[in-house]
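The data block below is upload.txt; it holds compact mmCIF, C-alpha atoms.
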# COMPACT_ATOMS: atom_id res chain seq x y z
CA MET U 1 5.82 -8.18 -31.08
CA THR U 2 4.67 -11.82 -30.87
CA ASP U 3 4.82 -14.49 -28.20
CA ASP U 4 7.73 -16.03 -30.10
CA ASP U 5 9.84 -12.88 -29.94
CA ALA U 6 12.65 -13.37 -27.43
CA ASP U 7 13.59 -10.89 -24.76
CA ASP U 8 10.82 -8.33 -25.20
CA ILE U 9 9.97 -6.06 -22.28
CA PHE U 10 7.46 -8.57 -20.91
CA ASP U 11 10.04 -11.36 -21.01
CA ARG U 12 12.45 -9.12 -19.13
CA ILE U 13 9.86 -8.31 -16.46
CA ARG U 14 9.04 -11.99 -15.98
CA SER U 15 12.62 -13.22 -16.00
CA SER U 16 13.87 -10.51 -13.63
CA CYS U 17 11.05 -11.24 -11.17
CA ALA U 18 11.68 -14.99 -11.38
CA ALA U 19 15.35 -14.31 -10.62
CA VAL U 20 14.37 -12.34 -7.51
CA ALA U 21 12.01 -15.11 -6.38
CA ALA U 22 14.85 -17.63 -6.68
CA ARG U 23 17.18 -15.55 -4.46
CA SER U 24 14.72 -13.78 -2.18
CA THR U 25 15.55 -13.71 1.53
CA HIS U 26 12.62 -11.67 2.90
CA VAL U 27 9.74 -13.15 0.88
CA SER U 28 9.08 -16.69 -0.30
CA ILE U 29 6.44 -18.40 -2.43
CA ASP U 30 4.62 -21.46 -1.10
CA GLU U 31 3.89 -23.19 -4.39
CA SER U 32 1.79 -25.83 -2.61
CA ARG U 33 -0.86 -23.13 -2.10
CA ILE U 34 -1.13 -22.17 -5.78
CA GLU U 35 -3.50 -24.92 -6.94
CA PRO U 36 -5.86 -24.76 -3.92
CA PHE U 37 -6.15 -20.98 -4.28
CA ALA U 38 -6.76 -21.32 -8.03
CA ALA U 39 -9.69 -23.60 -7.20
CA GLU U 40 -11.11 -21.09 -4.70
CA LEU U 41 -10.96 -17.95 -6.87
CA ASP U 42 -14.15 -16.24 -8.00
CA LEU U 43 -13.29 -15.75 -11.65
CA ASP U 44 -16.67 -14.12 -12.38
CA ARG U 45 -16.02 -11.19 -10.05
CA PRO U 46 -17.14 -8.05 -11.95
CA PRO U 47 -14.54 -5.31 -12.45
CA ASP U 48 -14.81 -2.19 -10.31
CA ASP U 49 -12.37 0.34 -11.72
CA PRO U 50 -13.45 3.86 -12.67
CA GLY U 51 -10.20 4.21 -14.60
CA GLN U 52 -11.50 1.75 -17.19
CA LYS U 53 -14.67 3.61 -18.13
CA ARG U 54 -15.25 5.91 -21.10
CA LEU U 55 -15.69 9.60 -20.43
CA GLY U 56 -16.88 11.60 -23.42
CA ASN U 57 -15.44 11.29 -26.93
CA GLU U 58 -12.31 9.29 -27.78
CA GLU U 59 -9.83 12.10 -27.08
CA SER U 60 -11.51 13.03 -23.82
CA SER U 61 -11.64 9.39 -22.74
CA ALA U 62 -8.00 8.79 -23.63
CA ALA U 63 -7.03 11.95 -21.76
CA PHE U 64 -8.94 10.87 -18.67
CA VAL U 65 -7.51 7.33 -18.59
CA MET U 66 -3.93 8.47 -19.17
CA THR U 67 -4.23 11.32 -16.65
CA LEU U 68 -5.65 9.07 -13.96
CA ASP U 69 -2.90 6.53 -14.56
CA ALA U 70 -0.31 9.31 -14.39
CA ILE U 71 -1.36 9.87 -10.76
CA ASN U 72 -2.26 6.25 -10.03
CA PHE U 73 0.17 6.03 -7.14
CA GLY U 74 0.42 7.03 -3.51
CA SER U 75 -0.80 3.91 -1.68
CA GLY U 76 1.89 4.58 0.92
CA TYR U 77 0.30 7.97 1.54
CA PHE U 78 -3.33 6.80 1.46
CA PRO U 79 -3.68 6.18 5.22
CA HIS U 80 -3.19 9.97 5.60
CA LEU U 81 -5.46 10.96 2.70
CA GLN U 82 -8.84 12.56 3.31
CA LYS U 83 -11.09 10.02 1.58
CA ARG U 84 -14.65 10.18 0.34
CA PRO U 85 -17.15 8.23 2.48
CA GLY U 86 -16.91 4.52 1.81
CA MET U 87 -14.12 4.94 -0.77
CA SER U 88 -10.52 3.78 -0.85
CA GLY U 89 -7.69 6.16 -1.64
CA TYR U 90 -7.61 5.15 -5.31
CA HIS U 91 -11.37 5.43 -5.74
CA THR U 92 -11.31 8.84 -4.03
CA VAL U 93 -8.71 10.09 -6.51
CA ALA U 94 -10.52 8.57 -9.50
CA ALA U 95 -13.92 9.95 -8.48
CA SER U 96 -12.42 13.40 -7.88
CA LEU U 97 -10.84 13.45 -11.32
CA ARG U 98 -14.09 12.35 -12.97
CA ASP U 99 -15.91 15.14 -11.11
CA LEU U 100 -13.33 17.66 -12.34
CA VAL U 101 -14.02 16.67 -15.95
CA ALA U 102 -17.79 16.71 -15.39
CA ASP U 103 -17.66 20.16 -13.79
CA THR U 104 -15.05 21.93 -15.90
CA GLY U 105 -14.66 20.04 -19.18
CA ALA U 106 -12.24 17.65 -20.84
CA ILE U 107 -8.60 17.32 -19.84
CA THR U 108 -6.03 18.69 -22.26
CA ALA U 109 -2.24 18.64 -22.21
CA ALA U 110 -2.14 22.42 -22.01
CA ARG U 111 -4.51 22.42 -19.05
CA LEU U 112 -2.40 19.87 -17.17
CA GLY U 113 0.68 22.02 -17.69
CA GLU U 114 -1.02 24.88 -15.85
CA PHE U 115 -2.15 22.78 -12.87
CA THR U 116 -0.79 24.08 -9.57
CA ILE U 117 -0.51 22.34 -6.24
CA ASP U 118 -3.45 24.45 -5.07
CA ASP U 119 -5.47 23.10 -8.01
CA CYS U 120 -4.53 19.55 -7.00
CA ALA U 121 -5.49 20.16 -3.38
CA ALA U 122 -8.85 21.59 -4.45
CA THR U 123 -9.53 18.80 -6.96
CA PHE U 124 -8.74 16.00 -4.54
CA ASP U 125 -10.00 17.82 -1.42
CA GLN U 126 -6.75 17.66 0.55
CA LEU U 127 -5.14 20.07 3.01
CA LEU U 128 -1.76 21.63 2.25
CA ASP U 129 -0.50 21.39 5.80
CA GLY U 130 2.96 19.94 5.25
CA GLY U 131 1.84 16.40 5.99
CA PRO U 132 1.85 13.25 3.83
CA ALA U 133 -1.24 14.29 1.84
CA HIS U 134 0.48 17.61 1.05
CA GLN U 135 3.53 15.67 -0.15
CA LEU U 136 1.31 13.54 -2.38
CA MET U 137 -0.27 16.65 -3.92
CA GLU U 138 3.22 17.90 -4.75
CA LEU U 139 3.98 14.61 -6.49
CA PHE U 140 0.64 14.69 -8.34
CA THR U 141 1.45 18.20 -9.60
CA THR U 142 4.83 17.04 -10.91
CA ALA U 143 3.26 13.99 -12.54
CA LEU U 144 0.63 16.09 -14.33
CA HIS U 145 3.25 18.54 -15.58
CA ASP U 146 5.38 15.64 -16.81
CA LEU U 147 2.40 14.15 -18.63
CA SER U 148 1.60 17.52 -20.20
CA ALA U 149 5.13 17.87 -21.54
CA PHE U 150 5.18 14.25 -22.73
CA VAL U 151 1.87 14.48 -24.62
CA THR U 152 2.93 17.80 -26.14
CA ARG U 153 6.24 16.34 -27.30
CA VAL U 154 5.12 12.87 -28.45
CA GLY U 155 1.54 13.54 -29.53
CA ASP U 156 1.62 17.23 -30.46
CA GLY U 157 -0.77 17.84 -27.56
CA LYS U 158 -3.17 14.99 -28.39
CA PHE U 159 -3.52 11.94 -26.16
CA LEU U 160 -4.85 9.85 -29.05
CA SER U 161 -1.72 10.67 -31.03
CA VAL U 162 0.44 9.24 -28.23
CA ILE U 163 -1.55 6.01 -28.37
CA GLU U 164 -1.28 5.95 -32.16
CA ALA U 165 2.50 6.27 -31.83
CA ALA U 166 2.48 2.92 -30.01
CA ASP U 167 1.00 1.34 -33.16
CA GLY U 168 -1.14 -1.25 -31.40
CA SER U 169 1.66 -2.49 -29.17
CA ALA U 170 1.44 -2.40 -25.36
CA ALA U 171 5.20 -2.97 -25.26
CA SER U 172 5.76 0.13 -27.38
CA LEU U 173 3.41 2.17 -25.20
CA ILE U 174 5.36 1.10 -22.10
CA GLU U 175 8.62 2.14 -23.74
CA LEU U 176 7.12 5.52 -24.64
CA LEU U 177 5.80 6.12 -21.12
CA ASP U 178 9.16 5.10 -19.70
CA GLU U 179 10.48 8.46 -20.92
CA MET U 180 8.78 9.96 -17.85
CA ALA U 181 10.72 9.45 -14.61
CA PHE U 182 7.66 8.49 -12.56
CA TYR U 183 7.03 5.55 -14.91
CA HIS U 184 10.58 4.18 -14.76
CA ASP U 185 9.71 1.35 -12.36
CA VAL U 186 13.10 -0.37 -12.50
CA HIS U 187 15.12 -1.33 -9.41
CA GLN U 188 18.27 -3.12 -8.27
CA HIS U 189 18.46 -6.37 -6.31
CA PRO U 190 21.28 -8.88 -5.67
CA ALA U 191 19.59 -10.99 -8.38
CA GLY U 192 20.12 -8.15 -10.88
CA GLU U 193 18.08 -5.37 -12.45
CA VAL U 194 14.35 -5.79 -11.75
CA LEU U 195 11.74 -4.44 -14.15
CA LEU U 196 8.18 -3.98 -12.84
CA TYR U 197 6.54 -1.13 -14.82
CA LYS U 198 3.29 -1.29 -12.88
CA ARG U 199 1.70 1.97 -14.05
CA ALA U 200 2.91 1.79 -17.65
CA GLN U 201 1.41 -1.68 -18.03
CA ILE U 202 -1.85 -0.77 -16.36
CA THR U 203 -2.23 2.20 -18.72
CA ALA U 204 -2.38 -0.20 -21.67
CA GLN U 205 -4.87 -2.40 -19.83
CA ASP U 206 -7.10 0.53 -18.83
CA LEU U 207 -7.14 1.91 -22.37
CA ALA U 208 -7.98 -1.54 -23.76
CA VAL U 209 -10.94 -1.99 -21.42
CA ALA U 210 -12.19 1.59 -21.79
CA PHE U 211 -12.26 1.28 -25.57
CA ASP U 212 -13.47 -2.35 -25.62
CA HIS U 213 -10.20 -3.49 -27.23
CA ARG U 214 -10.93 -1.52 -30.40
CA GLY U 215 -9.44 1.63 -31.91
CA PRO U 216 -7.29 3.32 -29.24
CA GLY U 217 -7.83 0.23 -27.09
CA ARG U 218 -6.40 -2.29 -29.56
CA PHE U 219 -3.10 -3.73 -28.39
CA ASP U 220 -2.10 -6.89 -30.23
CA ASP U 221 0.21 -8.00 -27.42
CA LEU U 222 -2.11 -7.24 -24.50
CA ARG U 223 -2.07 -10.90 -23.44
CA ARG U 224 1.63 -10.43 -22.66
CA LEU U 225 1.03 -8.05 -19.72
CA THR U 226 2.18 -9.21 -16.29
CA MET U 227 0.71 -8.57 -12.86
CA PHE U 228 0.57 -4.86 -12.01
CA ALA U 229 2.96 -4.93 -9.07
CA ASP U 230 1.49 -2.95 -6.17
CA ASN U 231 0.89 -3.49 -2.47
CA LEU U 232 -2.63 -4.96 -2.62
CA VAL U 233 -2.27 -8.08 -4.77
CA PRO U 234 0.77 -9.29 -2.78
CA HIS U 235 -1.32 -8.69 0.34
CA VAL U 236 -4.09 -10.93 -1.03
CA LEU U 237 -1.50 -13.57 -1.89
CA ARG U 238 0.05 -13.37 1.58
CA LEU U 239 -3.24 -13.76 3.41
CA ASN U 240 -3.96 -16.82 1.28
CA GLY U 241 -0.64 -18.41 2.19
CA ILE U 242 1.04 -18.04 -1.20
CA LEU U 243 3.50 -15.33 -0.20
CA ARG U 244 5.32 -15.74 3.10
CA PHE U 245 7.17 -12.86 4.73
CA SER U 246 10.11 -13.17 7.10
CA ASP U 247 9.28 -12.49 10.75
CA GLU U 248 11.18 -9.20 10.61
CA LEU U 249 9.41 -7.99 7.47
CA LEU U 250 6.00 -9.04 8.78
CA ALA U 251 6.62 -7.10 12.00
CA ARG U 252 7.51 -4.01 9.97
CA VAL U 253 4.33 -4.35 7.92
CA GLU U 254 2.21 -4.75 11.04
CA ARG U 255 3.84 -1.64 12.59
CA ALA U 256 2.99 0.28 9.39
CA ASP U 257 6.67 1.12 8.84
CA ASP U 258 7.53 2.65 5.49
CA ILE U 259 9.15 -0.12 3.43
CA GLU U 260 11.54 2.02 1.42
CA ILE U 261 11.10 1.96 -2.34
CA GLY U 262 13.83 -0.07 -4.03
CA SER U 263 14.93 -1.74 -0.79
CA GLU U 264 15.45 -5.51 -0.91
CA PRO U 265 12.25 -6.30 1.02
CA GLU U 266 10.15 -3.92 -1.09
CA VAL U 267 11.47 -5.27 -4.39
CA GLU U 268 11.00 -8.83 -3.20
CA ILE U 269 7.39 -8.27 -2.18
CA ARG U 270 6.45 -7.00 -5.62
CA ALA U 271 8.72 -9.25 -7.71
CA CYS U 272 7.68 -12.40 -5.84
CA GLY U 273 4.10 -11.26 -6.29
CA VAL U 274 4.61 -11.01 -10.05
CA HIS U 275 6.15 -14.48 -10.21
CA ALA U 276 3.46 -15.99 -7.98
CA VAL U 277 0.70 -14.58 -10.20
CA GLU U 278 2.42 -16.13 -13.22
CA LEU U 279 2.26 -19.50 -11.45
CA LEU U 280 -1.34 -18.85 -10.46
CA THR U 281 -2.31 -17.91 -14.03
CA THR U 282 -0.90 -21.23 -15.26
CA ALA U 283 -2.84 -23.11 -12.56
CA VAL U 284 -6.10 -21.35 -13.50
CA ARG U 285 -5.53 -22.11 -17.18
CA ASP U 286 -4.79 -25.75 -16.34
CA ARG U 287 -8.25 -25.88 -14.80
CA GLY U 288 -9.70 -25.08 -18.23
CA HIS U 289 -10.20 -21.32 -17.93
CA ARG U 290 -9.03 -18.96 -20.66
CA ILE U 291 -7.52 -16.04 -18.81
CA ASN U 292 -4.51 -13.78 -19.12
CA THR U 293 -2.36 -12.49 -16.31
CA ALA U 294 -3.73 -8.94 -16.41
CA ALA U 295 -7.32 -10.17 -16.12
CA LEU U 296 -6.35 -12.35 -13.17
CA ASP U 297 -4.62 -9.36 -11.58
CA ASN U 298 -7.88 -7.39 -11.84
CA ILE U 299 -9.74 -10.20 -10.07
CA LEU U 300 -7.15 -10.36 -7.30
CA TRP U 301 -7.12 -6.57 -6.91
CA ASN U 302 -10.90 -6.43 -6.56
CA THR U 303 -10.77 -9.39 -4.16
CA GLY U 304 -8.54 -7.22 -1.97
CA ALA U 305 -11.44 -4.81 -1.42
CA GLU U 306 -13.16 -7.35 0.84
CA SER U 307 -13.22 -6.49 4.54
CA ARG U 308 -11.14 -9.51 5.52
CA TYR U 309 -8.24 -8.07 3.53
CA LYS U 310 -8.79 -4.42 4.39
CA SER U 311 -8.84 -5.20 8.13
CA VAL U 312 -5.26 -6.54 8.06
CA PRO U 313 -2.26 -4.19 7.53
CA ARG U 314 -0.49 -4.45 4.20
CA HIS U 315 2.89 -3.09 3.31
CA ARG U 316 3.14 0.65 2.72
CA THR U 317 5.75 2.36 0.58
CA ARG U 318 5.74 6.07 -0.16
CA CYS U 319 6.65 6.22 -3.83
CA VAL U 320 5.43 7.21 -7.30
CA PHE U 321 5.16 3.67 -8.70
CA TYR U 322 2.05 2.37 -6.90
Any chance you could put this one into structure tokens?
Amino acid sequence: MTDDDADDIFDRIRSSCAAVAARSTHVSIDESRIEPFAAELDLDRPPDDPGQKRLGNEESSAAFVMTLDAINFGSGYFPHLQKRPGMSGYHTVAASLRDLVADTGAITAARLGEFTIDDCAATFDQLLDGGPAHQLMELFTTALHDLSAFVTRVGDGKFLSVIEAADGSAASLIELLDEMAFYHDVHQHPAGEVLLYKRAQITAQDLAVAFDHRGPGRFDDLRRLTMFADNLVPHVLRLNGILRFSDELLARVERADDIEIGSEPEVEIRACGVHAVELLTTAVRDRGHRINTAALDNILWNTGAESRYKSVPRHRTRCVFY
């Protein structure tokens, strides 16, 4: 797949999100804020993502990255999660999974297929008390079983074989992962079908960084990735005046209401975020910086860890997509 190929999956993500931005009623983009924010960004911010670090040999590393990304969701549940001191929900999950590998050995497809909800609760140090964290452990268990079956079917039990099946194409990897229901991040809006594929895209990015863009980390179309549509990057954009929420939506966010997955406001938050980051990427490039959208997303995501962002409520959606 090349940049000249029309209507690839990345084109469809971008065009569907632009269509939402053009018709959005709950979220708008203040394009006058794009250039000033591009000038303010710290583009040298170092990455801080345990999901992008090698762990053992190539198979073990691929297994870790793909397993973590298989459960890289639950931000709507994170306020109820028992977290490690000083860690966010995501970093708690990532650190717990790394500890599991360090203590008990490499992840395999067969091992994931045998994981029970009790195993999940023990691994991630959560109580099975019927509450939101319990619900998240149930979803994690399903996600791990789905990944086990997928790797067994597509890669004959080997994570590296799944990556090899993508043949150096992030688009192909996304299409493979889309076979699993929890990766099918596609929704409906009055503007039409909206493709987001947050976790499938971030899997390609994480593999690329973990393997230094070589071997299992070589994706010839990696520059085509879009923003990884979640609830943190739109939050950063909103607090910097780029995204504007309707009064009703803002009140719901501030009350910590669940913004239902696939609802118009929820789709508009993420789709407008994707489109805004496309505009921001262009503005950063126009300032003479060579950067792709995924790299800019990483900078924005890490920016969101600052206390001035964490102290303000962001939208919460209980779902399996982010």
* To do: Have a look at U:Leu225, U:Val151, U:Leu207, U:Ile259 and name the one nearest to Ala171 (chain U); count all atoms listed in the file.
  => U:Leu225
* Select, from U:Ile13, U:Ala143, U:Ala95, U:Leu300, the residue with the minimum atom-to-atom distance to Phe115 (chain U), counting only C-alpha atoms. => U:Ala143
* To do: Choose the residue, out of U:His91, U:His26, U:Lys158, U:Arg45, that has the smallest atom-to-atom separation from Glu59 (chain U); count only C-alpha atoms.
  =>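 Of all the options, U:Lys158 lies closest to Glu59 (chain U).
As for CA of Arg12 (chain U) and CA of Met227 (chain U), they are spaced 13.3 Å apart.
Minimum atom-to-atom distances from U:Gly74, U:Pro216, U:Gly113, U:Gly168 to His134 (chain U) were compared using only C-alpha atoms, and the lowest value belongs to U:Gly74.
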* Asked: Restricting the calculation to all atoms listed in the file, which member of U:Ser246, U:Ser75, U:Gln201, U:Thr303 is positioned closest to Pro46 (chain U)?
  -> U:Thr303
* Rounded to one decimal in Å, what is the spacing between CA of Phe10 (chain U) and CA of Thr226 (chain U)? ->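 CA of Thr226 (chain U) lies 7.0 Å from CA of Phe10 (chain U).
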* Find the residues near Leu176 (chain U): any atom within 10 Å, counting only C-alpha atoms, skip ones fewer than 2 places away on the same chain, and give them as a ChimeraX atom specification. => /U:150,154,162-163,165-166,170-174,178-180,183,200
* To do: Taking (15.2, -10.5, -15.5) in the file's own coordinates, collect the residues within 10 Å, counting only C-alpha atoms, and hand them back as a PyMOL selection string.
  => chain U and resi 7+9-20+191-196
* Of the listed residues U:Ala149, U:Ile107, U:Ala283, U:Leu144, that which approaches Gly56 (chain U) most closely, counting only C-alpha atoms -> U:Ile107
Would you fill the gaps in region 119-142 of chain U so it has N, CA and C atoms, then print it as a tab-separated table (two decimals), in the coordinates of the input?
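File rebuild_7.tsv, as written:
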chain	number	residue	atom	x	y	z
U	119	ASP	N	-4.45	23.75	-7.19
U	119	ASP	CA	-5.47	23.10	-8.01
U	119	ASP	C	-5.62	21.63	-7.61
U	120	CYS	N	-4.49	20.96	-7.40
U	120	CYS	CA	-4.53	19.55	-7.00
U	120	CYS	C	-5.24	19.40	-5.65
U	121	ALA	N	-4.87	20.24	-4.71
U	121	ALA	CA	-5.49	20.16	-3.38
U	121	ALA	C	-6.99	20.38	-3.46
U	122	ALA	N	-7.41	21.33	-4.30
U	122	ALA	CA	-8.85	21.59	-4.45
U	122	ALA	C	-9.55	20.44	-5.16
U	123	THR	N	-8.91	19.90	-6.20
U	123	THR	CA	-9.53	18.80	-6.96
U	123	THR	C	-9.72	17.57	-6.11
U	124	PHE	N	-8.70	17.24	-5.31
U	124	PHE	CA	-8.74	16.00	-4.54
U	124	PHE	C	-9.11	16.22	-3.07
U	125	ASP	N	-9.48	17.47	-2.74
U	125	ASP	CA	-10.00	17.82	-1.42
U	125	ASP	C	-9.02	17.45	-0.30
U	126	GLN	N	-7.78	17.93	-0.45
U	126	GLN	CA	-6.75	17.66	0.55
U	126	GLN	C	-6.22	18.97	1.13
U	127	LEU	N	-5.71	18.90	2.35
U	127	LEU	CA	-5.14	20.07	3.01
U	127	LEU	C	-3.65	20.16	2.71
U	128	LEU	N	-3.20	21.39	2.46
U	128	LEU	CA	-1.76	21.63	2.25
U	128	LEU	C	-1.18	22.09	3.59
U	129	ASP	N	-0.93	21.09	4.44
U	129	ASP	CA	-0.50	21.39	5.80
U	129	ASP	C	0.90	20.86	6.10
U	130	GLY	N	1.62	20.47	5.05
U	130	GLY	CA	2.96	19.94	5.25
U	130	GLY	C	3.02	18.46	5.54
U	131	GLY	N	1.88	17.81	5.68
U	131	GLY	CA	1.84	16.40	5.99
U	131	GLY	C	1.93	15.51	4.77
U	132	PRO	N	1.73	14.19	4.95
U	132	PRO	CA	1.85	13.25	3.83
U	132	PRO	C	0.92	13.55	2.66
U	133	ALA	N	-0.32	13.96	2.94
U	133	ALA	CA	-1.24	14.29	1.84
U	133	ALA	C	-0.72	15.48	1.04
U	134	HIS	N	-0.14	16.46	1.72
U	134	HIS	CA	0.48	17.61	1.05
U	134	HIS	C	1.61	17.12	0.14
U	135	GLN	N	2.44	16.22	0.66
U	135	GLN	CA	3.53	15.67	-0.15
U	135	GLN	C	3.00	14.96	-1.39
U	136	LEU	N	1.89	14.23	-1.23
U	136	LEU	CA	1.31	13.54	-2.38
U	136	LEU	C	0.79	14.54	-3.41
U	137	MET	N	0.20	15.64	-2.97
U	137	MET	CA	-0.27	16.65	-3.92
U	137	MET	C	0.90	17.26	-4.70
U	138	GLU	N	2.04	17.41	-4.05
U	138	GLU	CA	3.22	17.90	-4.75
U	138	GLU	C	3.64	16.91	-5.85
U	139	LEU	N	3.61	15.63	-5.51
U	139	LEU	CA	3.98	14.61	-6.49
U	139	LEU	C	2.95	14.54	-7.62
U	140	PHE	N	1.68	14.66	-7.30
U	140	PHE	CA	0.64	14.69	-8.34
U	140	PHE	C	0.88	15.86	-9.30
U	141	THR	N	1.22	17.01	-8.76
U	141	THR	CA	1.45	18.20	-9.60
U	141	THR	C	2.61	17.95	-10.56
U	142	THR	N	3.68	17.37	-10.05
U	142	THR	CA	4.83	17.04	-10.91
U	142	THR	C	4.43	16.04	-11.98
